[in-house]
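Visitor: Dropping in model_15.txt, which is compact mmCIF, C-alpha atoms and all ligand atoms:
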```txt
# COMPACT_ATOMS: atom_id res chain seq x y z
CA HIS A 26 187.01 -7.28 -1.73
CA LEU A 27 184.62 -4.70 -2.96
CA HIS A 28 186.17 -4.81 -6.37
CA THR A 29 186.22 -8.60 -6.69
CA SER A 30 182.70 -9.06 -5.36
CA ARG A 31 181.30 -6.50 -7.77
CA ALA A 32 183.14 -7.66 -10.85
CA PRO A 33 181.46 -11.07 -11.19
CA LYS A 34 178.07 -9.43 -10.70
CA MET A 35 178.72 -7.03 -13.53
CA ALA A 36 180.06 -9.84 -15.67
CA SER A 37 176.98 -11.95 -15.07
CA ALA A 38 174.66 -9.03 -15.77
CA THR A 39 176.47 -8.53 -19.06
CA SER A 40 176.29 -12.17 -19.98
CA ALA A 41 172.59 -12.33 -19.06
CA ALA A 42 171.98 -9.43 -21.44
CA ALA A 43 174.08 -11.15 -24.10
CA LEU A 44 172.09 -14.34 -23.62
CA VAL A 45 168.82 -12.49 -24.16
CA GLU A 46 170.20 -10.90 -27.33
CA SER A 47 171.39 -14.25 -28.67
CA ALA A 48 168.00 -15.79 -27.87
CA LYS A 49 166.19 -13.00 -29.73
CA LYS A 50 168.53 -13.38 -32.68
CA ALA A 51 168.22 -17.18 -32.77
CA ALA A 52 164.42 -17.00 -32.69
CA ALA A 53 164.38 -14.33 -35.42
CA PHE A 54 166.72 -16.18 -37.77
CA GLN A 55 164.82 -19.44 -37.27
CA ALA A 56 161.48 -17.72 -37.89
CA VAL A 57 162.71 -16.11 -41.13
CA ASP A 58 164.37 -19.32 -42.34
CA GLU A 59 161.18 -21.31 -41.86
CA HIS A 60 158.49 -18.79 -42.73
CA LEU A 61 159.79 -16.40 -45.38
CA LEU A 62 159.32 -18.26 -48.65
CA PRO A 63 161.01 -17.04 -51.85
CA SER A 64 157.63 -16.83 -53.61
CA TYR A 65 156.25 -14.26 -51.13
CA LYS A 66 155.47 -10.77 -52.41
CA PHE A 67 154.14 -8.79 -49.40
CA VAL A 68 155.69 -9.11 -45.96
CA GLY A 69 154.72 -7.32 -42.74
CA ILE A 70 157.50 -6.10 -40.47
CA GLY A 71 156.62 -5.45 -36.82
CA SER A 72 158.26 -3.25 -34.20
CA GLY A 73 160.65 -3.63 -31.29
CA SER A 74 164.15 -4.84 -30.60
CA THR A 75 163.57 -8.46 -31.71
CA VAL A 76 162.31 -7.33 -35.10
CA VAL A 77 165.71 -5.70 -35.67
CA TYR A 78 167.04 -9.27 -35.94
CA VAL A 79 164.16 -10.29 -38.21
CA VAL A 80 165.20 -7.59 -40.67
CA GLU A 81 168.85 -8.60 -40.24
CA ALA A 82 167.90 -12.20 -41.08
CA ILE A 83 166.01 -11.08 -44.19
CA ALA A 84 168.90 -8.87 -45.33
CA ALA A 85 171.31 -11.76 -44.78
CA LYS A 86 169.42 -13.80 -47.37
CA GLY A 87 170.65 -11.36 -50.02
CA PRO A 88 168.97 -9.28 -52.75
CA ALA A 89 168.36 -12.25 -55.06
CA PHE A 90 166.07 -13.66 -52.38
CA TYR A 91 164.15 -10.53 -51.39
CA GLN A 92 164.18 -8.36 -54.53
CA GLY A 93 160.65 -9.37 -55.53
CA MET A 94 159.30 -8.66 -52.05
CA THR A 95 157.63 -5.52 -50.68
CA PHE A 96 157.71 -4.83 -46.95
CA ILE A 97 154.87 -3.24 -44.99
CA PRO A 98 155.80 -1.43 -41.75
CA THR A 99 153.94 -1.16 -38.44
CA GLY A 100 155.19 2.30 -37.52
CA SER A 101 158.07 4.73 -37.73
CA GLN A 102 160.72 2.44 -36.21
CA SER A 103 159.72 -0.38 -38.52
CA LYS A 104 159.80 1.95 -41.52
CA GLY A 105 163.32 3.00 -40.58
CA LEU A 106 164.46 -0.63 -40.33
CA ILE A 107 163.05 -1.49 -43.76
CA ARG A 108 164.66 1.56 -45.37
CA ALA A 109 168.03 1.07 -43.65
CA ALA A 110 168.22 -2.52 -44.89
CA GLY A 111 167.54 -1.38 -48.47
CA LEU A 112 164.26 -3.34 -48.67
CA THR A 113 161.29 -2.10 -50.72
CA LEU A 114 158.81 -0.24 -48.52
CA CYS A 115 155.05 0.16 -49.02
CA ASN A 116 152.54 1.57 -46.55
CA LEU A 117 149.63 -0.64 -45.56
CA ASP A 118 147.08 1.47 -47.46
CA GLU A 119 149.23 1.82 -50.56
CA ARG A 120 149.54 -1.83 -51.50
CA PRO A 121 148.01 -2.85 -54.82
CA VAL A 122 144.37 -3.68 -55.32
CA ILE A 123 143.84 -7.03 -57.06
CA ASP A 124 140.31 -8.11 -58.04
CA GLY A 125 138.93 -5.14 -56.12
CA GLN A 126 140.70 -6.12 -52.90
CA LEU A 127 143.83 -4.77 -51.27
CA VAL A 128 146.33 -7.59 -51.65
CA ALA A 129 146.81 -9.74 -48.52
CA LEU A 130 150.23 -9.90 -46.93
CA ASP A 131 151.77 -13.37 -47.31
CA VAL A 132 153.22 -13.23 -43.82
CA ALA A 133 153.82 -10.76 -40.97
CA PHE A 134 156.68 -11.09 -38.49
CA ASP A 135 156.45 -9.32 -35.14
CA GLY A 136 157.74 -9.40 -31.59
CA ALA A 137 155.65 -9.80 -28.44
CA ASP A 138 155.82 -8.88 -24.77
CA GLU A 139 154.18 -12.07 -23.50
CA VAL A 140 153.06 -15.29 -25.17
CA ASP A 141 150.84 -17.95 -23.58
CA ALA A 142 150.65 -21.64 -24.43
CA ASP A 143 147.76 -21.01 -26.86
CA LEU A 144 149.75 -18.33 -28.73
CA ASN A 145 147.74 -15.45 -27.33
CA LEU A 146 149.95 -12.39 -27.02
CA ILE A 147 150.34 -9.12 -25.19
CA LYS A 148 151.88 -6.52 -27.46
CA GLY A 149 152.43 -2.79 -27.27
CA GLY A 150 155.45 -2.50 -24.99
CA GLY A 151 156.86 -0.30 -27.73
CA ALA A 152 153.54 1.56 -28.22
CA CYS A 153 153.09 0.28 -31.79
CA LEU A 154 150.20 -2.11 -31.12
CA PHE A 155 147.57 -0.40 -33.29
CA GLN A 156 149.44 -0.60 -36.59
CA GLU A 157 150.86 -3.98 -35.54
CA LYS A 158 147.32 -5.33 -35.26
CA LEU A 159 146.31 -3.80 -38.60
CA VAL A 160 149.28 -5.50 -40.27
CA ALA A 161 148.69 -8.81 -38.43
CA VAL A 162 145.07 -9.05 -39.55
CA ALA A 163 146.00 -8.11 -43.13
CA ALA A 164 148.40 -11.09 -43.27
CA LYS A 165 147.64 -14.69 -44.19
CA LYS A 166 150.15 -15.86 -41.61
CA PHE A 167 151.36 -14.21 -38.40
CA VAL A 168 154.73 -15.18 -36.96
CA ALA A 169 155.46 -14.03 -33.40
CA VAL A 170 159.12 -13.95 -32.48
CA ALA A 171 159.61 -14.00 -28.74
CA ASP A 172 162.51 -15.10 -26.56
CA TYR A 173 162.18 -17.33 -23.50
CA ARG A 174 161.48 -14.43 -21.10
CA LYS A 175 158.12 -13.84 -22.73
CA GLN A 176 156.60 -17.30 -22.35
CA SER A 177 153.94 -17.67 -19.68
CA PRO A 178 151.05 -19.96 -18.82
CA ARG A 179 148.56 -17.07 -18.55
CA LEU A 180 148.82 -13.56 -20.01
CA CYS A 181 149.39 -10.72 -17.53
CA THR A 182 151.84 -12.87 -15.56
CA VAL A 183 155.07 -11.75 -17.22
CA TRP A 184 154.19 -8.38 -18.72
CA LYS A 185 151.29 -7.74 -16.32
CA ALA A 186 149.84 -4.58 -17.82
CA ILE A 187 147.89 -4.55 -21.07
CA PRO A 188 148.74 -1.54 -23.24
CA VAL A 189 145.57 0.27 -24.28
CA GLU A 190 145.79 3.00 -26.94
CA VAL A 191 143.46 5.92 -26.23
CA LEU A 192 142.44 9.29 -27.58
CA PRO A 193 144.22 11.71 -25.20
CA LEU A 194 141.01 13.65 -24.59
CA ALA A 195 139.32 10.49 -23.34
CA ALA A 196 142.14 9.28 -21.08
CA PRO A 197 140.62 10.34 -17.71
CA ASP A 198 137.29 8.66 -18.52
CA VAL A 199 138.98 5.53 -19.87
CA LEU A 200 141.08 5.31 -16.68
CA LYS A 201 137.90 5.42 -14.58
CA ARG A 202 136.33 2.62 -16.61
CA LEU A 203 139.47 0.51 -16.37
CA ASN A 204 139.52 1.01 -12.59
CA ALA A 205 135.94 -0.25 -12.44
CA MET A 206 136.86 -3.27 -14.56
CA GLY A 207 139.44 -4.38 -11.99
CA SER A 208 142.57 -2.45 -12.91
CA PRO A 209 142.95 0.05 -10.04
CA ASN A 210 146.48 1.06 -10.99
CA ALA A 211 145.89 1.70 -14.68
CA ALA A 212 148.00 4.70 -15.67
CA VAL A 213 148.90 6.78 -18.69
CA ARG A 214 152.37 5.80 -19.93
CA ALA A 215 155.05 8.45 -19.66
CA GLY A 216 157.24 9.30 -22.64
CA LEU A 217 160.95 8.62 -22.81
CA PRO A 218 162.95 10.60 -20.24
CA SER A 219 164.31 12.63 -23.17
CA LYS A 220 160.74 13.58 -24.09
CA ALA A 221 158.83 15.00 -21.14
CA GLY A 222 155.13 14.25 -20.93
CA GLU A 223 153.09 11.31 -22.11
CA CYS A 224 154.15 8.62 -24.55
CA VAL A 225 152.59 9.66 -27.87
CA THR A 226 152.04 6.89 -30.42
CA ASP A 227 152.66 7.07 -34.17
CA ASN A 228 148.92 7.72 -34.40
CA GLY A 229 148.96 10.75 -32.06
CA MET A 230 147.32 8.76 -29.24
CA TRP A 231 148.37 7.92 -25.68
CA ILE A 232 148.94 4.54 -24.07
CA ILE A 233 147.32 3.46 -20.80
CA ASP A 234 148.97 0.43 -19.16
CA ALA A 235 146.26 -1.54 -17.39
CA ALA A 236 147.33 -4.40 -15.11
CA PHE A 237 144.93 -7.28 -14.56
CA PRO A 238 145.22 -10.56 -12.67
CA PRO A 239 146.43 -13.44 -14.93
CA LEU A 240 143.94 -13.84 -17.80
CA LEU A 241 141.88 -17.01 -18.09
CA LEU A 242 141.79 -19.32 -21.09
CA PRO A 243 138.49 -20.83 -22.30
CA LYS A 244 139.47 -24.12 -20.65
CA ASP A 245 139.60 -22.38 -17.25
CA LEU A 246 135.94 -21.35 -17.35
CA THR A 247 133.29 -22.91 -15.11
CA PRO A 248 129.68 -21.92 -14.39
CA GLU A 249 130.99 -19.96 -11.38
CA ILE A 250 134.03 -18.46 -13.09
CA ASP A 251 132.69 -17.24 -16.41
CA GLY A 252 135.54 -14.89 -17.31
CA THR A 253 133.46 -11.72 -17.33
CA GLY A 254 135.61 -9.96 -14.79
CA LYS A 255 133.83 -10.93 -11.58
CA GLY A 256 136.38 -10.94 -8.79
CA GLY A 257 138.95 -9.78 -11.34
CA ALA A 258 138.74 -13.01 -13.37
CA TRP A 259 138.75 -12.07 -17.06
CA GLU A 260 138.99 -14.46 -19.98
CA ILE A 261 141.15 -13.06 -22.80
CA LYS A 262 138.52 -12.76 -25.54
CA THR A 263 135.89 -11.30 -23.20
CA LEU A 264 138.31 -8.71 -21.86
CA ALA A 265 139.56 -7.89 -25.37
CA GLU A 266 135.99 -7.23 -26.52
CA GLU A 267 135.10 -5.20 -23.42
CA LEU A 268 138.18 -3.01 -23.78
CA LEU A 269 137.15 -2.14 -27.34
CA ARG A 270 133.68 -1.15 -26.12
CA ILE A 271 135.09 1.68 -23.99
CA PRO A 272 134.57 4.97 -25.84
CA GLY A 273 137.97 6.55 -26.42
CA VAL A 274 139.86 3.26 -26.72
CA VAL A 275 141.17 2.90 -30.25
CA GLU A 276 142.94 -0.47 -29.81
CA HIS A 277 144.62 -2.66 -27.21
CA GLY A 278 147.56 -5.00 -27.06
CA LEU A 279 145.70 -8.31 -26.60
CA PHE A 280 146.25 -10.45 -29.70
CA TYR A 281 144.26 -13.65 -29.48
CA GLY A 282 142.99 -16.43 -31.70
CA TYR A 283 146.36 -16.91 -33.35
CA ASN A 284 146.65 -20.58 -32.50
CA GLY A 285 145.52 -21.97 -35.83
CA ASP A 286 147.56 -22.91 -38.89
CA ASP A 287 147.91 -19.25 -39.69
CA ALA A 288 150.18 -18.41 -36.80
CA VAL A 289 153.30 -19.62 -35.16
CA ALA A 290 155.31 -18.35 -32.21
CA PHE A 291 159.01 -18.67 -32.31
CA SER A 292 160.41 -19.10 -28.89
CA LYS A 293 161.46 -22.75 -28.90
CA GLN A 294 165.00 -22.24 -30.03
CA ALA A 295 165.34 -19.42 -27.56
CA GLN A 296 163.90 -21.66 -24.87
CA ALA A 297 166.73 -24.11 -25.41
CA GLN A 298 169.13 -21.39 -24.36
CA LYS A 299 167.32 -20.53 -21.17
CA PRO A 300 169.70 -20.46 -18.21
CA VAL A 301 168.97 -23.20 -15.71
C1 LIG B 1 155.73 -2.95 -29.78
C2 LIG B 1 155.62 -4.41 -29.55
C3 LIG B 1 156.87 -5.20 -29.58
O1 LIG B 1 156.76 -6.19 -30.55
C4 LIG B 1 157.08 -5.80 -28.24
O2 LIG B 1 157.13 -4.74 -27.30
C5 LIG B 1 158.35 -6.63 -28.17
O3 LIG B 1 159.47 -5.82 -28.23
P1 LIG B 1 160.94 -6.38 -28.02
O4 LIG B 1 161.23 -7.28 -29.19
O5 LIG B 1 161.81 -5.16 -28.00
O6 LIG B 1 160.96 -7.12 -26.70
O7 LIG B 1 154.56 -4.95 -29.35
O8 LIG B 1 154.49 -2.33 -29.68
```
Could you spell out this file's structure in structure tokens?
Ligand code: 5RP

Guide:
Amino acid sequence: HLHTSRAPKMASATSAAALVESAKKAAAFQAVDEHLLPSYKFVGIGSGSTVVYVVEAIAAKGPAFYQGMTFIPTGSQSKGLIRAAGLTLCNLDERPVIDGQLVALDVAFDGADEVDADLNLIKGGGACLFQEKLVAVAAKKFVAVADYRKQSPRLCTVWKAIPVEVLPLAAPDVLKRLNAMGSPNAAVRAGLPSKAGECVTDNGMWIIDAAFPPLLLPKDLTPEIDGTGKGGAWEIKTLAEELLRIPGVVEHGLFYGYNGDDAVAFSKQAQAQKPV
């Protein structure tokens, strides 16, 4: 009995994991098919496990398709993916200057930890948020690739804690400020079990994960609930701006304002595969 009752559980855990992987892959291939045009020259490549499939999808298009393209990474993992696929790599600050301006990226593909209905995102689960944001804002178009698990009506529902990148020296003071802003359990992220100590980013910083109650959208605001954190009610943009005002914070994982023509989130195909 023990054996037979455990076996289906293990099988279903395996198939749930396989479903997530196929959803990530489907979203990534669809995103690349629809948003990587042959005329593009500079392409941002984000970080995380979903982006592995983005790079796979690009590689699958073959050298004739991507040989004129240069790929800009968002960190060490991303750099490794670009190199391993044999794609041309260029650091963000090394791209050519045209008419006195660093050339804009045609598109940037990246994963996300949570996506709301207005295409606001939480990013930074993989601690790469700073360079991811630099690459996102340098791109004419931002494509978020997120499977069905990441969709939510209000940010901080699924992922809960906002990753905040901080100067290590400032961490205790930043924690205090975050506590006062309504995140009593904010904590410095630990490194991988194989690496004792804190999680150190590609930029030599630490990450504080700061949980907040579900974030409000502009349409939720009223004269009484103005989104400035009273009673824990923060609106995304207000919180994003306040986080950046804390001395010692170098960046945070709230990506907002991506709901125009210049952004698209790819989770629809993955949604179709959601178990019912
Ligand atoms: C890293 C990120 C990642 O894009 C995010 O964590 C999603 O990762 P995954 O595709 O593995 O779920 O923001 O900083």

Visitor: Nearest residue to ligand LIG 1 (chain B) out of A:Ala52, A:Val45, A:Val76, A:Val199, using all atoms listed in the file?

Guide: A:Val76

Visitor: Residues contacting ligand LIG 1 (chain B) - anything with an atom at most 10 Å away, using all atoms listed in the file - can you give me those as a VMD selection string?

Guide: chain A and resid 45 to 46 49 53 70 to 79 99 to 100 102 to 103 134 to 139 146 to 158 169 to 172 174 to 175 184 188 226 278 to 280

Visitor: Using the selection just defined, write its residues with C-alpha atoms as a PDB file, in the coordinates of the input.

Guide:
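Now in out06.pdb:
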```
ATOM      1  CA  VAL A  45     168.820 -12.490 -24.160  1.00  0.00           C
ATOM      2  CA  GLU A  46     170.200 -10.900 -27.330  1.00  0.00           C
ATOM      3  CA  LYS A  49     166.190 -13.000 -29.730  1.00  0.00           C
ATOM      4  CA  ALA A  53     164.380 -14.330 -35.420  1.00  0.00           C
ATOM      5  CA  ILE A  70     157.500  -6.100 -40.470  1.00  0.00           C
ATOM      6  CA  GLY A  71     156.620  -5.450 -36.820  1.00  0.00           C
ATOM      7  CA  SER A  72     158.260  -3.250 -34.200  1.00  0.00           C
ATOM      8  CA  GLY A  73     160.650  -3.630 -31.290  1.00  0.00           C
ATOM      9  CA  SER A  74     164.150  -4.840 -30.600  1.00  0.00           C
ATOM     10  CA  THR A  75     163.570  -8.460 -31.710  1.00  0.00           C
ATOM     11  CA  VAL A  76     162.310  -7.330 -35.100  1.00  0.00           C
ATOM     12  CA  VAL A  77     165.710  -5.700 -35.670  1.00  0.00           C
ATOM     13  CA  TYR A  78     167.040  -9.270 -35.940  1.00  0.00           C
ATOM     14  CA  VAL A  79     164.160 -10.290 -38.210  1.00  0.00           C
ATOM     15  CA  THR A  99     153.940  -1.160 -38.440  1.00  0.00           C
ATOM     16  CA  GLY A 100     155.190   2.300 -37.520  1.00  0.00           C
ATOM     17  CA  GLN A 102     160.720   2.440 -36.210  1.00  0.00           C
ATOM     18  CA  SER A 103     159.720  -0.380 -38.520  1.00  0.00           C
ATOM     19  CA  PHE A 134     156.680 -11.090 -38.490  1.00  0.00           C
ATOM     20  CA  ASP A 135     156.450  -9.320 -35.140  1.00  0.00           C
ATOM     21  CA  GLY A 136     157.740  -9.400 -31.590  1.00  0.00           C
ATOM     22  CA  ALA A 137     155.650  -9.800 -28.440  1.00  0.00           C
ATOM     23  CA  ASP A 138     155.820  -8.880 -24.770  1.00  0.00           C
ATOM     24  CA  GLU A 139     154.180 -12.070 -23.500  1.00  0.00           C
ATOM     25  CA  LEU A 146     149.950 -12.390 -27.020  1.00  0.00           C
ATOM     26  CA  ILE A 147     150.340  -9.120 -25.190  1.00  0.00           C
ATOM     27  CA  LYS A 148     151.880  -6.520 -27.460  1.00  0.00           C
ATOM     28  CA  GLY A 149     152.430  -2.790 -27.270  1.00  0.00           C
ATOM     29  CA  GLY A 150     155.450  -2.500 -24.990  1.00  0.00           C
ATOM     30  CA  GLY A 151     156.860  -0.300 -27.730  1.00  0.00           C
ATOM     31  CA  ALA A 152     153.540   1.560 -28.220  1.00  0.00           C
ATOM     32  CA  CYS A 153     153.090   0.280 -31.790  1.00  0.00           C
ATOM     33  CA  LEU A 154     150.200  -2.110 -31.120  1.00  0.00           C
ATOM     34  CA  PHE A 155     147.570  -0.400 -33.290  1.00  0.00           C
ATOM     35  CA  GLN A 156     149.440  -0.600 -36.590  1.00  0.00           C
ATOM     36  CA  GLU A 157     150.860  -3.980 -35.540  1.00  0.00           C
ATOM     37  CA  LYS A 158     147.320  -5.330 -35.260  1.00  0.00           C
ATOM     38  CA  ALA A 169     155.460 -14.030 -33.400  1.00  0.00           C
ATOM     39  CA  VAL A 170     159.120 -13.950 -32.480  1.00  0.00           C
ATOM     40  CA  ALA A 171     159.610 -14.000 -28.740  1.00  0.00           C
ATOM     41  CA  ASP A 172     162.510 -15.100 -26.560  1.00  0.00           C
ATOM     42  CA  ARG A 174     161.480 -14.430 -21.100  1.00  0.00           C
ATOM     43  CA  LYS A 175     158.120 -13.840 -22.730  1.00  0.00           C
ATOM     44  CA  TRP A 184     154.190  -8.380 -18.720  1.00  0.00           C
ATOM     45  CA  PRO A 188     148.740  -1.540 -23.240  1.00  0.00           C
ATOM     46  CA  THR A 226     152.040   6.890 -30.420  1.00  0.00           C
ATOM     47  CA  GLY A 278     147.560  -5.000 -27.060  1.00  0.00           C
ATOM     48  CA  LEU A 279     145.700  -8.310 -26.600  1.00  0.00           C
ATOM     49  CA  PHE A 280     146.250 -10.450 -29.700  1.00  0.00           C
TER      50      PHE A 280
END
```

Visitor: Counting all atoms listed in the file, which of A:Tyr173, A:Leu112, A:Val160, A:Gly256 gets nearest to A:Ser47?

Guide: A:Tyr173

Visitor: Point out the residue among A:Glu190, A:Tyr65, A:Ile107, A:Lys86 with the least atom-to-atom distance to A:Val128, counting all atoms listed in the file.

Guide: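 Ranked by minimum distance to A:Val128, first place goes to A:Tyr65.
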
Visitor: What is the distance, in Å and to one decimal place, between atom CA of A:Ala186 and atom CA of A:Glu223?

Guide: 16.8 Å

Visitor: Using atom CA of A:Gly111 and atom CA of A:Ala133 as the two end points, give the distance in Å to one decimal.

Guide: 18.2 Å

Visitor: Counting all atoms listed in the file, which residue out of A:Asp118, A:Ala89, A:Leu203, A:Glu81 sits closest to A:Asp58?

Guide: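 Counting all atoms listed in the file, the residue closest to A:Asp58 is A:Glu81.
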
Visitor: For A:Lys262, which residue out of A:Leu242, A:Ala142, A:Leu114, A:Val80 is the nearest one, using all atoms listed in the file?

Guide: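 Once distances to A:Lys262 are computed over all atoms listed in the file, the minimum belongs to A:Leu242.
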
Visitor: In file coordinates, which residues lie within 10 Å of (155.7, -1.8, -50.0) using all atoms listed in the file, given as a list in words?

Guide: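 Neighbouring residues, ordered by chain and number, come to Lys66, Phe67, Val68, Gly69, Met94, Thr95, Phe96, Ile97, Pro98, Ile107, Leu112, Thr113, Leu114, Cys115, Asn116, Leu117, Asp118, Glu119, Arg120 and Pro121 of chain A.
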
Visitor: Measure the distance from atom CA of A:Ile232 to atom CA of A:Asp251 in Å and round it to one decimal.

Guide: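 Distance reported for this atom pair: 28.2 Å.
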
Visitor: Point out the residue among A:Ala195, A:Pro218, A:Pro243, A:Ser64 with the least atom-to-atom distance to A:Gln92, counting all atoms listed in the file.

Guide: A:Ser64

Visitor: At a cut-off of 8 Å, using all atoms listed in the file, what residues contact A:Ala163? Leave out same-chain residues fewer than 4 positions from it and give the result as a list in words.

Guide: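 In the requested format, the answer is Ala129, Leu130 and Leu159 of chain A.
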
Visitor: What residues have an atom no more than 9 Å from (141.4, 9.7, -24.7) in the file's own frame, counting all atoms listed in the file, and can you write them as a PDB file with C-alpha atoms, in the coordinates of the input?

Guide:
```
ATOM      1  CA  GLU A 190     145.790   3.000 -26.940  1.00  0.00           C
ATOM      2  CA  VAL A 191     143.460   5.920 -26.230  1.00  0.00           C
ATOM      3  CA  LEU A 192     142.440   9.290 -27.580  1.00  0.00           C
ATOM      4  CA  PRO A 193     144.220  11.710 -25.200  1.00  0.00           C
ATOM      5  CA  LEU A 194     141.010  13.650 -24.590  1.00  0.00           C
ATOM      6  CA  ALA A 195     139.320  10.490 -23.340  1.00  0.00           C
ATOM      7  CA  ALA A 196     142.140   9.280 -21.080  1.00  0.00           C
ATOM      8  CA  PRO A 197     140.620  10.340 -17.710  1.00  0.00           C
ATOM      9  CA  ASP A 198     137.290   8.660 -18.520  1.00  0.00           C
ATOM     10  CA  VAL A 199     138.980   5.530 -19.870  1.00  0.00           C
ATOM     11  CA  MET A 230     147.320   8.760 -29.240  1.00  0.00           C
ATOM     12  CA  TRP A 231     148.370   7.920 -25.680  1.00  0.00           C
ATOM     13  CA  PRO A 272     134.570   4.970 -25.840  1.00  0.00           C
ATOM     14  CA  GLY A 273     137.970   6.550 -26.420  1.00  0.00           C
ATOM     15  CA  VAL A 274     139.860   3.260 -26.720  1.00  0.00           C
ATOM     16  CA  VAL A 275     141.170   2.900 -30.250  1.00  0.00           C
TER      17      VAL A 275
END
```

Visitor: If you count only C-alpha atoms, which residues fall within 8 Å of A:Asp234, apart from same-chain ones fewer than 2 positions away, as a list in words?

Guide: Ala186, Ile187, Pro188, Val189, Ala211, Ala212, Val213, Arg214, Ile232 and Ala236 of chain A
